[in-house]
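Participant: run_2.txt (compact mmCIF, C-alpha atoms and all ligand atoms) pasted underneath:
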```txt
# COMPACT_ATOMS: atom_id res chain seq x y z
CA MET B 1404 55.92 -177.80 57.22
CA PRO B 1405 54.68 -181.41 56.88
CA HIS B 1406 53.98 -182.51 53.33
CA PRO B 1407 50.25 -181.98 52.56
CA PHE B 1408 49.76 -185.67 51.73
CA GLY B 1409 51.93 -186.83 54.62
CA THR B 1410 49.38 -187.07 57.47
CA HIS B 1411 45.82 -188.34 57.85
CA VAL B 1412 44.68 -184.98 59.20
CA GLY B 1413 46.30 -183.12 56.32
CA VAL B 1414 44.77 -185.37 53.67
CA ARG B 1415 41.36 -185.14 55.28
CA ARG B 1416 41.53 -181.33 55.22
CA LEU B 1417 42.39 -181.37 51.50
CA ILE B 1418 39.60 -183.77 50.56
CA THR B 1419 37.05 -181.90 52.67
CA ALA B 1420 37.90 -178.72 50.78
CA ALA B 1421 37.85 -180.45 47.37
CA VAL B 1422 34.43 -182.11 47.81
CA ALA B 1423 32.81 -178.84 48.91
CA ALA B 1424 32.86 -177.91 45.20
CA PRO B 1425 29.60 -177.62 43.27
CA SER B 1426 28.67 -180.51 40.99
CA VAL B 1427 25.91 -181.06 38.49
CA HIS B 1428 22.79 -182.35 40.39
CA ASN B 1429 25.19 -182.75 43.35
CA THR B 1430 26.43 -186.00 41.78
CA GLN B 1431 29.94 -185.45 43.24
CA PRO B 1432 31.46 -187.39 40.31
CA TRP B 1433 35.01 -187.48 41.69
CA ARG B 1434 37.38 -189.94 43.29
CA PHE B 1435 40.77 -189.19 44.80
CA ARG B 1436 43.60 -191.68 44.92
CA LEU B 1437 46.76 -191.39 46.94
CA ASP B 1438 49.64 -193.68 46.01
CA GLY B 1439 52.18 -193.32 48.80
CA SER B 1440 52.36 -189.70 49.87
CA GLU B 1441 53.77 -187.92 46.82
CA VAL B 1442 50.96 -187.62 44.29
CA MET B 1443 47.21 -187.33 44.60
CA ASP B 1444 45.21 -188.37 41.54
CA LEU B 1445 41.80 -186.96 40.69
CA HIS B 1446 39.57 -189.38 38.79
CA ALA B 1447 36.15 -188.89 37.22
CA ASP B 1448 33.65 -191.45 38.47
CA PRO B 1449 31.87 -192.62 35.29
CA ASP B 1450 29.06 -194.22 37.33
CA ARG B 1451 28.07 -190.73 38.42
CA ARG B 1452 27.84 -189.24 34.93
CA LEU B 1453 24.33 -188.14 33.97
CA ASP B 1454 23.43 -190.18 30.86
CA VAL B 1455 20.54 -187.96 29.74
CA ILE B 1456 21.86 -184.43 30.17
CA ASP B 1457 25.59 -185.13 30.09
CA PRO B 1458 26.42 -187.97 27.67
CA ARG B 1459 29.78 -186.36 26.72
CA GLY B 1460 30.80 -185.87 30.36
CA ARG B 1461 31.07 -182.09 29.97
CA ALA B 1462 29.30 -181.24 33.24
CA LEU B 1463 31.15 -184.08 34.95
CA HIS B 1464 34.52 -182.58 33.96
CA ILE B 1465 33.39 -179.10 35.04
CA SER B 1466 32.34 -180.48 38.43
CA CYS B 1467 35.70 -182.23 38.86
CA GLY B 1468 37.51 -179.07 37.72
CA ALA B 1469 35.75 -177.14 40.50
CA ALA B 1470 36.96 -179.75 43.01
CA LEU B 1471 40.48 -179.44 41.57
CA LEU B 1472 40.50 -175.66 42.16
CA ASN B 1473 39.54 -176.24 45.80
CA LEU B 1474 42.25 -178.89 46.15
CA ARG B 1475 44.84 -176.47 44.69
CA LEU B 1476 43.82 -173.75 47.15
CA ALA B 1477 43.90 -176.17 50.08
CA ILE B 1478 47.42 -177.33 49.14
CA ARG B 1479 48.48 -173.67 48.87
CA MET B 1480 47.46 -173.17 52.51
CA THR B 1481 49.96 -175.82 53.67
CA GLY B 1482 53.13 -173.88 52.76
CA HIS B 1483 53.28 -175.72 49.41
CA ARG B 1484 52.25 -175.02 45.86
CA PRO B 1485 50.32 -177.58 43.81
CA LEU B 1486 51.95 -179.01 40.68
CA VAL B 1487 49.07 -180.14 38.48
CA ARG B 1488 49.47 -182.45 35.48
CA PRO B 1489 46.11 -182.47 33.70
CA PHE B 1490 45.29 -185.70 31.85
CA PRO B 1491 48.65 -187.43 32.35
CA ASP B 1492 47.28 -190.37 30.27
CA GLY B 1493 45.74 -188.05 27.64
CA PRO B 1494 42.12 -186.81 27.56
CA ASP B 1495 40.89 -190.17 26.28
CA GLY B 1496 43.05 -192.19 28.65
CA PRO B 1497 41.82 -195.59 29.75
CA ASP B 1498 39.33 -195.91 32.59
CA GLY B 1499 41.37 -197.22 35.52
CA PRO B 1500 39.84 -198.87 38.60
CA GLY B 1501 39.13 -195.40 39.98
CA GLY B 1502 37.63 -194.01 36.72
CA THR B 1503 39.23 -191.70 34.13
CA LEU B 1504 42.36 -189.98 35.39
CA LEU B 1505 41.76 -186.21 35.09
CA ALA B 1506 44.78 -184.83 36.92
CA SER B 1507 47.77 -185.80 39.01
CA VAL B 1508 48.64 -183.33 41.72
CA ALA B 1509 52.00 -183.12 43.50
CA ALA B 1510 53.17 -180.39 45.89
CA GLU B 1511 56.43 -178.50 46.43
CA PRO B 1512 57.40 -176.11 49.23
CA ALA B 1513 56.46 -172.50 48.47
CA PRO B 1514 56.30 -169.09 50.18
CA MET B 1515 53.14 -167.93 51.98
CA PRO B 1516 49.94 -167.90 49.93
CA SER B 1517 48.62 -164.52 48.81
CA LEU B 1518 45.85 -162.78 50.75
CA GLU B 1519 43.51 -163.49 47.83
CA GLN B 1520 44.29 -167.22 47.90
CA ALA B 1521 43.77 -167.33 51.67
CA GLU B 1522 40.43 -165.53 51.40
CA LEU B 1523 39.20 -167.74 48.55
CA TYR B 1524 40.14 -170.82 50.59
CA ALA B 1525 38.32 -169.43 53.64
CA ARG B 1526 35.12 -169.01 51.59
CA ILE B 1527 35.04 -172.64 50.36
CA PRO B 1528 32.70 -173.93 53.14
CA HIS B 1529 30.42 -170.90 52.79
CA ARG B 1530 29.83 -171.01 49.02
CA ARG B 1531 26.53 -172.61 48.01
CA SER B 1532 24.05 -172.59 45.15
CA ASN B 1533 21.39 -170.04 46.00
CA ARG B 1534 18.10 -170.81 44.23
CA ARG B 1535 16.13 -168.10 46.02
CA PRO B 1536 15.05 -164.85 44.33
CA PHE B 1537 17.71 -162.12 44.45
CA GLY B 1538 17.07 -158.46 45.35
CA ARG B 1539 17.23 -155.54 42.93
CA ARG B 1540 20.66 -154.32 44.07
CA GLN B 1541 23.17 -154.42 41.19
CA VAL B 1542 26.53 -156.13 41.54
CA PRO B 1543 28.94 -153.14 41.58
CA THR B 1544 31.43 -152.68 38.75
CA PRO B 1545 34.57 -153.40 40.85
CA VAL B 1546 33.07 -156.75 41.89
CA ARG B 1547 32.12 -157.57 38.30
CA CYS B 1548 35.72 -156.78 37.29
CA ALA B 1549 37.01 -159.06 40.08
CA LEU B 1550 34.78 -161.89 38.79
CA ALA B 1551 36.05 -161.47 35.23
CA ALA B 1552 39.65 -161.39 36.53
CA ALA B 1553 39.03 -164.61 38.47
CA ALA B 1554 37.98 -166.41 35.28
CA ARG B 1555 40.89 -164.90 33.34
CA ALA B 1556 43.35 -166.15 35.95
CA GLU B 1557 42.25 -169.67 34.98
CA GLY B 1558 42.47 -168.98 31.23
CA VAL B 1559 38.72 -168.65 30.71
CA LEU B 1560 36.57 -165.71 29.58
CA LEU B 1561 33.72 -164.44 31.76
CA GLN B 1562 31.33 -162.18 29.89
CA LEU B 1563 28.80 -160.05 31.73
CA PRO B 1564 26.11 -159.64 29.08
CA SER B 1565 24.23 -156.44 28.24
CA PRO B 1566 20.46 -156.26 28.96
CA GLN B 1567 19.73 -157.15 25.31
CA THR B 1568 22.00 -160.19 25.36
CA THR B 1569 20.56 -161.17 28.76
CA ALA B 1570 17.04 -161.06 27.30
CA TYR B 1571 18.21 -163.27 24.42
CA LEU B 1572 19.92 -165.71 26.82
CA LEU B 1573 16.75 -165.93 28.91
CA SER B 1574 14.73 -166.84 25.81
CA VAL B 1575 17.26 -169.57 24.97
CA LEU B 1576 17.12 -170.81 28.57
CA ARG B 1577 13.33 -170.86 28.55
CA ALA B 1578 13.16 -172.81 25.30
CA ALA B 1579 15.72 -175.34 26.58
CA ASP B 1580 13.89 -175.70 29.89
CA GLU B 1581 10.59 -176.34 28.10
CA ARG B 1582 12.15 -179.01 25.90
CA LEU B 1583 13.83 -180.72 28.85
CA THR B 1584 10.80 -180.74 31.12
CA ALA B 1585 8.77 -182.40 28.35
CA ASP B 1586 11.31 -185.25 28.21
CA ALA B 1587 10.50 -188.32 30.30
CA GLY B 1588 14.19 -189.33 30.40
CA TYR B 1589 15.13 -185.95 31.85
CA LEU B 1590 12.44 -186.20 34.53
CA ALA B 1591 13.47 -189.75 35.47
CA GLU B 1592 17.11 -188.66 35.84
CA LEU B 1593 16.04 -185.64 37.88
CA GLU B 1594 14.03 -187.93 40.14
CA ARG B 1595 17.10 -190.11 40.76
CA TRP B 1596 19.09 -187.08 41.88
CA THR B 1597 16.50 -185.24 43.96
CA SER B 1598 15.20 -186.52 47.20
CA LEU B 1599 12.93 -185.81 50.12
CA ARG B 1600 15.02 -188.22 52.25
CA ALA B 1601 18.39 -187.41 53.78
CA ARG B 1602 21.28 -188.84 51.73
CA GLY B 1603 24.86 -187.86 50.98
CA ASP B 1604 24.36 -186.71 47.38
CA GLY B 1605 21.68 -185.32 45.05
CA VAL B 1606 19.77 -182.08 45.50
CA PRO B 1607 17.73 -182.06 48.73
CA ARG B 1608 14.27 -180.56 48.83
CA TYR B 1609 15.35 -177.72 51.10
CA ALA B 1610 17.69 -176.50 48.32
CA PHE B 1611 15.08 -176.43 45.51
CA GLY B 1612 14.02 -172.81 46.13
CA PRO B 1613 10.58 -171.53 45.08
CA ARG B 1614 8.87 -172.95 42.00
CA PRO B 1615 9.65 -170.79 38.94
CA SER B 1616 6.44 -169.19 37.64
CA GLY B 1617 7.45 -169.51 34.00
CA ARG B 1618 7.57 -165.71 33.53
CA GLY B 1619 10.93 -164.39 34.84
CA VAL B 1620 14.19 -166.33 35.06
CA PRO B 1621 13.78 -169.95 33.90
CA MET B 1622 15.30 -171.55 36.97
CA ARG B 1623 15.72 -175.32 36.81
CA ASP B 1624 12.81 -176.76 38.80
CA PHE B 1625 14.31 -179.57 40.88
CA GLY B 1626 10.86 -180.23 42.40
CA LEU B 1627 9.32 -181.37 39.11
CA ALA B 1628 10.03 -185.05 39.56
CA GLY B 1629 8.63 -185.51 43.07
CA PRO B 1630 5.34 -184.83 44.82
CA GLU B 1631 4.69 -181.09 45.00
CA THR B 1632 3.89 -180.09 48.55
CA GLY B 1633 3.03 -176.42 48.64
CA ARG B 1634 6.28 -174.80 47.50
CA PRO B 1635 5.76 -171.07 46.93
CA VAL B 1636 5.89 -169.83 43.33
CA ASP B 1637 8.12 -166.94 42.27
CA ASP B 1638 8.94 -165.04 39.06
CA PHE B 1639 12.54 -164.45 40.07
CA ALA B 1640 13.99 -161.16 38.80
CA ALA B 1641 12.90 -160.32 35.29
CA ARG B 1642 16.32 -158.66 34.70
CA PRO B 1643 18.90 -160.94 36.35
CA GLN B 1644 22.61 -160.24 36.28
CA LEU B 1645 24.19 -163.10 34.38
CA GLY B 1646 27.79 -164.16 33.84
CA VAL B 1647 28.72 -166.43 30.94
CA LEU B 1648 31.88 -168.54 31.02
CA LEU B 1649 33.39 -169.24 27.62
CA THR B 1650 36.25 -171.43 26.42
CA SER B 1651 37.80 -171.44 22.96
CA GLY B 1652 37.59 -175.24 22.61
CA ASP B 1653 34.97 -177.72 23.73
CA GLY B 1654 36.80 -180.85 24.86
CA PRO B 1655 37.80 -182.44 28.18
CA ARG B 1656 40.75 -180.08 28.74
CA ASP B 1657 38.50 -177.05 28.19
CA TRP B 1658 35.86 -178.45 30.54
CA LEU B 1659 38.39 -179.17 33.31
CA ARG B 1660 39.73 -175.63 32.93
CA ALA B 1661 36.19 -174.19 32.87
CA GLY B 1662 35.41 -176.00 36.13
CA GLN B 1663 38.41 -174.43 37.84
CA ALA B 1664 37.44 -171.01 36.48
CA LEU B 1665 33.82 -171.49 37.54
CA GLN B 1666 34.82 -172.29 41.09
CA ARG B 1667 37.24 -169.36 41.21
CA VAL B 1668 34.44 -167.08 40.04
CA LEU B 1669 31.99 -168.52 42.59
CA LEU B 1670 34.48 -168.18 45.46
CA THR B 1671 35.30 -164.64 44.37
CA ALA B 1672 31.57 -163.86 44.35
CA GLU B 1673 31.24 -165.38 47.82
CA ARG B 1674 34.23 -163.33 48.98
CA HIS B 1675 32.24 -160.22 48.01
CA ARG B 1676 29.04 -161.68 49.57
CA VAL B 1677 27.46 -162.04 46.12
CA SER B 1678 25.07 -165.00 45.79
CA ALA B 1679 25.13 -167.22 42.73
CA SER B 1680 23.38 -170.13 41.07
CA LEU B 1681 23.78 -171.84 37.72
CA LEU B 1682 21.42 -172.10 34.77
CA SER B 1683 22.64 -174.97 32.59
CA GLN B 1684 19.59 -176.06 30.62
CA PRO B 1685 20.91 -174.99 27.16
CA MET B 1686 24.11 -176.99 27.71
CA ASP B 1687 21.98 -179.97 28.84
CA MET B 1688 20.44 -180.08 25.38
CA CYS B 1689 23.85 -181.40 24.25
CA VAL B 1690 23.76 -179.49 20.99
CA GLY B 1691 26.97 -177.54 21.63
CA THR B 1692 26.62 -173.90 22.63
CA ARG B 1693 29.07 -172.04 20.45
CA THR B 1694 28.51 -168.28 20.27
CA GLY B 1695 29.67 -166.25 17.24
CA THR B 1696 33.37 -165.59 17.64
CA THR B 1697 33.78 -165.72 21.42
CA GLY B 1698 33.77 -169.46 22.05
CA HIS B 1699 31.76 -172.20 23.69
CA ILE B 1700 29.49 -171.45 26.61
CA GLN B 1701 30.43 -173.69 29.53
CA ALA B 1702 28.37 -172.09 32.31
CA ILE B 1703 25.72 -169.44 32.83
CA VAL B 1704 25.79 -167.96 36.33
CA ARG B 1705 23.01 -165.89 37.93
CA LEU B 1706 24.53 -163.29 40.27
CA GLY B 1707 22.96 -161.08 42.91
CA TYR B 1708 22.10 -160.67 46.56
CA GLY B 1709 19.95 -163.43 48.03
CA PRO B 1710 19.01 -164.59 51.53
CA PRO B 1711 21.29 -167.09 53.32
CA VAL B 1712 20.66 -170.71 52.29
CA PRO B 1713 21.72 -174.04 53.84
CA GLY B 1714 24.46 -176.15 52.25
CA ALA B 1715 23.79 -179.35 50.29
CA PRO B 1716 25.05 -182.69 51.68
CA ARG B 1717 28.32 -184.39 50.74
CA ARG B 1718 29.31 -188.07 50.71
CA PRO B 1719 31.58 -189.23 53.51
CA TYR B 1720 35.29 -188.73 53.07
CA ARG B 1721 36.04 -192.47 53.01
CA GLU B 1722 33.79 -192.97 49.97
CA VAL B 1723 35.80 -190.62 47.78
CA LEU B 1724 39.39 -191.41 48.77
CA THR B 1725 41.36 -194.56 47.95
CA ARG B 1726 44.89 -194.97 49.21
CA THR B 1727 47.39 -197.63 48.52
CA ALA B 1728 49.76 -196.78 51.38
CA SER B 1729 48.89 -195.14 54.64
CA PRO B 1730 50.50 -191.85 55.71
CA ALA B 1731 51.89 -191.43 59.20
C1 LIG O 1 28.32 -178.20 35.76
C2 LIG O 1 27.27 -177.80 36.76
C3 LIG O 1 25.98 -177.50 36.31
C4 LIG O 1 24.99 -177.08 37.22
N1 LIG O 1 23.75 -176.73 36.74
C5 LIG O 1 22.81 -176.25 37.59
C6 LIG O 1 21.55 -175.81 37.12
O1 LIG O 1 21.27 -175.82 35.92
N2 LIG O 1 20.66 -175.33 38.03
C7 LIG O 1 20.94 -175.25 39.37
O2 LIG O 1 20.11 -174.78 40.14
N3 LIG O 1 22.14 -175.70 39.85
C8 LIG O 1 23.07 -176.17 39.00
N4 LIG O 1 24.29 -176.58 39.47
C9 LIG O 1 24.57 -176.50 40.91
C10 LIG O 1 24.47 -177.87 41.59
O3 LIG O 1 23.14 -178.34 41.59
C11 LIG O 1 25.02 -177.73 43.02
O4 LIG O 1 26.38 -177.41 42.93
C12 LIG O 1 24.86 -178.98 43.86
O5 LIG O 1 23.50 -179.25 44.09
C13 LIG O 1 25.57 -178.86 45.23
O6 LIG O 1 25.08 -177.76 45.94
P1 LIG O 1 26.01 -176.52 46.36
O7 LIG O 1 26.45 -175.83 45.10
O8 LIG O 1 25.09 -175.66 47.21
O9 LIG O 1 27.17 -177.07 47.14
C14 LIG O 1 25.29 -177.01 38.60
C15 LIG O 1 26.59 -177.31 39.04
C16 LIG O 1 27.57 -177.68 38.13
C17 LIG O 1 28.97 -177.95 38.61
```
Would you write the structure of this file as structure tokens?
Ligand SMILES: Cc1cc2nc3c(=O)[nH]c(=O)nc-3n(C[C@H](O)[C@H](O)[C@H](O)COP(=O)(O)O)c2cc1C
Facilitator:
Amino acid sequence: MPHPFGTHVGVRRLITAAVAAPSVHNTQPWRFRLDGSEVMDLHADPDRRLDVIDPRGRALHISCGAALLNLRLAIRMTGHRPLVRPFPDGPDGPDGPGGTLLASVAAEPAPMPSLEQAELYARIPHRRSNRRPFGRRQVPTPVRCALAAAARAEGVLLQLPSPQTTAYLLSVLRAADERLTADAGYLAELERWTSLRARGDGVPRYAFGPRPSGRGVPMRDFGLAGPETGRPVDDFAARPQLGVLLTSGDGPRDWLRAGQALQRVLLTAERHRVSASLLSQPMDMCVGTRTGTTGHIQAIVRLGYGPPVPGAPRRPYREVLTRTASPA
């Protein structure tokens, strides 16, 4: 088996998988660096951090963590296992030329990947944020258990809240959304990352989904910052099925771990043909979202069965990879 970093084709396959990860406002705040062909470094790109909703870089780390999970799965498919060193320079390590170093990834030969790993990898290009209304069908208990197990496998808790807790979460979401949408800084940042034109990042108009009516689920309205051209309005389900990802701490290591767990949950959902989208407005308020005894909320996921939706764009491969020596 050739080493995963040893050929152009192999490296391209890894990066293509990694960048298919979700990222806040589709900022794709990652850079990959290959020194020789032994270690691939994952850097956060500080120029792509959202100053208004993400001054601490929490969502940036979660986005990069999601890319790291994809990279790990892609390496696993090459007859190797990834050896990940998170924050080799420490969580507050210096910003190098490629941004803050989040993880160094090496690879060693390993037996065949498990069926689960192979199926999660196969779903990477099919996973997408689905901002359309979902049907009434409930996510069955075995699938809910599989989603919780996916988070647990990455050391993170996924709670599937009761109807009462869901109602409470929706009220928190609504209040956060109202505060954000009244903030000129938020709207200006949203405008920078939404677009009617084709480009390689940001949320394209075709992915906005219907305009939330203000009654049901407080979806983030990506269309707020641009001209409104007859998007339909929808309540979304009044009783959505939510999943809440929680970590015990609330620092860079927790965020990187939460990102890997989030992506594992999303790929597991996709494996069971369950649609998902995120609702992050309370975390955008940057007040810290600690719940009682269970930990810090890192992501709120809406789960259900929606219509197929197109994928969002990605930046070209050459923009995200730097290498100091060329493979064969
Ligand atoms: C940390 C994080 C927070 C996000 N928050 C939201 C959100 O509040 N609302 C939403 O609709 N999408 C949210 N997303 C999804 C991104 O907008 C989406 O991943 C990106 O536009 C790329 O599209 P894709 O997921 O279809 O590949 C979030 C993604 C991440 C990683």
Participant: What does the distance between atom CA of Leu1576 of chain B and atom CA of Arg1535 of chain B come to in Å, to one decimal place?
Facilitator: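 Calculated distance between atom CA of Leu1576 of chain B and atom CA of Arg1535 of chain B is 17.7 Å.
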Participant: Which protein, DNA or RNA residues have an atom within 9 Å of ligand LIG 1 (chain O), counting all atoms listed in the file, as a PyMOL selection string?
Facilitator: chain B and resi 1422-1431+1461-1469+1528-1534+1604-1607+1610-1612+1622-1625+1662+1665-1666+1680-1687+1701-1704+1712-1717
Participant: Those same residues, written as a PDB file, in the coordinates of the input with C-alpha atoms?
Facilitator:
```pdb
ATOM      1  CA  VAL B1422      34.430-182.110  47.810  1.00  0.00           C
ATOM      2  CA  ALA B1423      32.810-178.840  48.910  1.00  0.00           C
ATOM      3  CA  ALA B1424      32.860-177.910  45.200  1.00  0.00           C
ATOM      4  CA  PRO B1425      29.600-177.620  43.270  1.00  0.00           C
ATOM      5  CA  SER B1426      28.670-180.510  40.990  1.00  0.00           C
ATOM      6  CA  VAL B1427      25.910-181.060  38.490  1.00  0.00           C
ATOM      7  CA  HIS B1428      22.790-182.350  40.390  1.00  0.00           C
ATOM      8  CA  ASN B1429      25.190-182.750  43.350  1.00  0.00           C
ATOM      9  CA  THR B1430      26.430-186.000  41.780  1.00  0.00           C
ATOM     10  CA  GLN B1431      29.940-185.450  43.240  1.00  0.00           C
ATOM     11  CA  ARG B1461      31.070-182.090  29.970  1.00  0.00           C
ATOM     12  CA  ALA B1462      29.300-181.240  33.240  1.00  0.00           C
ATOM     13  CA  LEU B1463      31.150-184.080  34.950  1.00  0.00           C
ATOM     14  CA  HIS B1464      34.520-182.580  33.960  1.00  0.00           C
ATOM     15  CA  ILE B1465      33.390-179.100  35.040  1.00  0.00           C
ATOM     16  CA  SER B1466      32.340-180.480  38.430  1.00  0.00           C
ATOM     17  CA  CYS B1467      35.700-182.230  38.860  1.00  0.00           C
ATOM     18  CA  GLY B1468      37.510-179.070  37.720  1.00  0.00           C
ATOM     19  CA  ALA B1469      35.750-177.140  40.500  1.00  0.00           C
ATOM     20  CA  PRO B1528      32.700-173.930  53.140  1.00  0.00           C
ATOM     21  CA  HIS B1529      30.420-170.900  52.790  1.00  0.00           C
ATOM     22  CA  ARG B1530      29.830-171.010  49.020  1.00  0.00           C
ATOM     23  CA  ARG B1531      26.530-172.610  48.010  1.00  0.00           C
ATOM     24  CA  SER B1532      24.050-172.590  45.150  1.00  0.00           C
ATOM     25  CA  ASN B1533      21.390-170.040  46.000  1.00  0.00           C
ATOM     26  CA  ARG B1534      18.100-170.810  44.230  1.00  0.00           C
ATOM     27  CA  ASP B1604      24.360-186.710  47.380  1.00  0.00           C
ATOM     28  CA  GLY B1605      21.680-185.320  45.050  1.00  0.00           C
ATOM     29  CA  VAL B1606      19.770-182.080  45.500  1.00  0.00           C
ATOM     30  CA  PRO B1607      17.730-182.060  48.730  1.00  0.00           C
ATOM     31  CA  ALA B1610      17.690-176.500  48.320  1.00  0.00           C
ATOM     32  CA  PHE B1611      15.080-176.430  45.510  1.00  0.00           C
ATOM     33  CA  GLY B1612      14.020-172.810  46.130  1.00  0.00           C
ATOM     34  CA  MET B1622      15.300-171.550  36.970  1.00  0.00           C
ATOM     35  CA  ARG B1623      15.720-175.320  36.810  1.00  0.00           C
ATOM     36  CA  ASP B1624      12.810-176.760  38.800  1.00  0.00           C
ATOM     37  CA  PHE B1625      14.310-179.570  40.880  1.00  0.00           C
ATOM     38  CA  GLY B1662      35.410-176.000  36.130  1.00  0.00           C
ATOM     39  CA  LEU B1665      33.820-171.490  37.540  1.00  0.00           C
ATOM     40  CA  GLN B1666      34.820-172.290  41.090  1.00  0.00           C
ATOM     41  CA  SER B1680      23.380-170.130  41.070  1.00  0.00           C
ATOM     42  CA  LEU B1681      23.780-171.840  37.720  1.00  0.00           C
ATOM     43  CA  LEU B1682      21.420-172.100  34.770  1.00  0.00           C
ATOM     44  CA  SER B1683      22.640-174.970  32.590  1.00  0.00           C
ATOM     45  CA  GLN B1684      19.590-176.060  30.620  1.00  0.00           C
ATOM     46  CA  PRO B1685      20.910-174.990  27.160  1.00  0.00           C
ATOM     47  CA  MET B1686      24.110-176.990  27.710  1.00  0.00           C
ATOM     48  CA  ASP B1687      21.980-179.970  28.840  1.00  0.00           C
ATOM     49  CA  GLN B1701      30.430-173.690  29.530  1.00  0.00           C
ATOM     50  CA  ALA B1702      28.370-172.090  32.310  1.00  0.00           C
ATOM     51  CA  ILE B1703      25.720-169.440  32.830  1.00  0.00           C
ATOM     52  CA  VAL B1704      25.790-167.960  36.330  1.00  0.00           C
ATOM     53  CA  VAL B1712      20.660-170.710  52.290  1.00  0.00           C
ATOM     54  CA  PRO B1713      21.720-174.040  53.840  1.00  0.00           C
ATOM     55  CA  GLY B1714      24.460-176.150  52.250  1.00  0.00           C
ATOM     56  CA  ALA B1715      23.790-179.350  50.290  1.00  0.00           C
ATOM     57  CA  PRO B1716      25.050-182.690  51.680  1.00  0.00           C
ATOM     58  CA  ARG B1717      28.320-184.390  50.740  1.00  0.00           C
TER      59      ARG B1717
END
```
Participant: Between B:Val1723, B:Gly1654, B:Asp1457, B:Gly1439, which residue has the minimum interatomic distance to Tyr1589 of chain B, considering all atoms listed in the file?
Facilitator: B:Asp1457
Participant: Between B:Gly1493, B:Gly1698, B:Pro1613, B:Pro1407, which one has atoms that come closest to Glu1511 of chain B, using all atoms listed in the file?
Facilitator: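 Between B:Gly1493, B:Gly1698, B:Pro1613, B:Pro1407, the residue approaching Glu1511 of chain B most closely is B:Pro1407.
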Participant: What does the structure give for the distance between atom CA of Arg1667 of chain B and atom CA of Ala1554 of chain B, in Å to one decimal?
Facilitator: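 Computed distance, atom CA of Arg1667 of chain B to atom CA of Ala1554 of chain B, equals 6.7 Å.
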Participant: Measure the distance from atom CA of Leu1561 of chain B to atom CA of Val1542 of chain B in Å and round it to one decimal.
Facilitator: 14.7 Å
Participant: Taking all atoms listed in the file into account, which of B:Arg1602, B:Arg1726, B:Arg1539, B:Arg1526 comes nearest Val1668 of chain B?
Facilitator: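 Of B:Arg1602, B:Arg1726, B:Arg1539, B:Arg1526, the one nearest Val1668 of chain B is B:Arg1526, counting all atoms listed in the file.
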Participant: Would you mind listing what lies within 8 Å of segment 1632-1636 of chain B as a PyMOL selection string, with all atoms listed in the file counted and same-chain residues fewer than 2 positions away left out?
Facilitator: chain B and resi 1613-1616+1630+1638
Participant: Name the closest residue to Asp1492 of chain B among the candidates B:Arg1479, B:His1446, B:Pro1512, B:Leu1706; distances are taken between atoms, counting only C-alpha atoms.
Facilitator: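 Ranking B:Arg1479, B:His1446, B:Pro1512, B:Leu1706 by distance to Asp1492 of chain B, first place goes to B:His1446.
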Participant: Report the closest atom pair, with its distance in Å rounded to one decimal, for each residue of segment 1540-1579 of chain B that has an atom no farther than 10 Å from segment 1617-1620 of chain B; count only C-alpha atoms, sort by chain and then rising residue number, and write it as CSV.
Facilitator:
```
residue,atom,partner,partner_atom,distance
B:Ala1570,CA,B:Val1620,CA,9.8
B:Leu1573,CA,B:Val1620,CA,6.7
B:Ser1574,CA,B:Val1620,CA,9.3
B:Leu1576,CA,B:Val1620,CA,8.4
B:Arg1577,CA,B:Val1620,CA,8.0
```
Participant: What would segment 1405-1414 of chain B look like with N, CA and C atoms in place, written as a short mmCIF file (atom, residue, chain, number, x, y, z; two decimals), keeping the file's coordinate frame?
Facilitator:
```cif
data_model
loop_
_atom_site.label_atom_id
_atom_site.label_comp_id
_atom_site.auth_asym_id
_atom_site.auth_seq_id
_atom_site.Cartn_x
_atom_site.Cartn_y
_atom_site.Cartn_z
N PRO B 1405 54.87 -180.04 57.37
CA PRO B 1405 54.68 -181.41 56.88
C PRO B 1405 54.13 -181.39 55.45
N HIS B 1406 54.49 -182.41 54.69
CA HIS B 1406 53.98 -182.51 53.33
C HIS B 1406 52.45 -182.64 53.38
N PRO B 1407 51.71 -181.97 52.47
CA PRO B 1407 50.25 -181.98 52.56
C PRO B 1407 49.62 -183.38 52.49
N PHE B 1408 50.33 -184.32 51.82
CA PHE B 1408 49.76 -185.67 51.73
C PHE B 1408 50.35 -186.58 52.80
N GLY B 1409 51.13 -186.00 53.72
CA GLY B 1409 51.93 -186.83 54.62
C GLY B 1409 51.21 -187.27 55.89
N THR B 1410 50.08 -186.67 56.24
CA THR B 1410 49.38 -187.07 57.47
C THR B 1410 47.90 -187.28 57.18
N HIS B 1411 47.26 -188.10 58.01
CA HIS B 1411 45.82 -188.34 57.85
C HIS B 1411 45.04 -187.04 57.95
N VAL B 1412 45.42 -186.23 58.97
CA VAL B 1412 44.68 -184.98 59.20
C VAL B 1412 44.83 -184.05 58.00
N GLY B 1413 46.05 -183.99 57.46
CA GLY B 1413 46.30 -183.12 56.32
C GLY B 1413 45.49 -183.56 55.10
N VAL B 1414 45.49 -184.85 54.84
CA VAL B 1414 44.77 -185.37 53.67
C VAL B 1414 43.27 -185.12 53.84
#
```
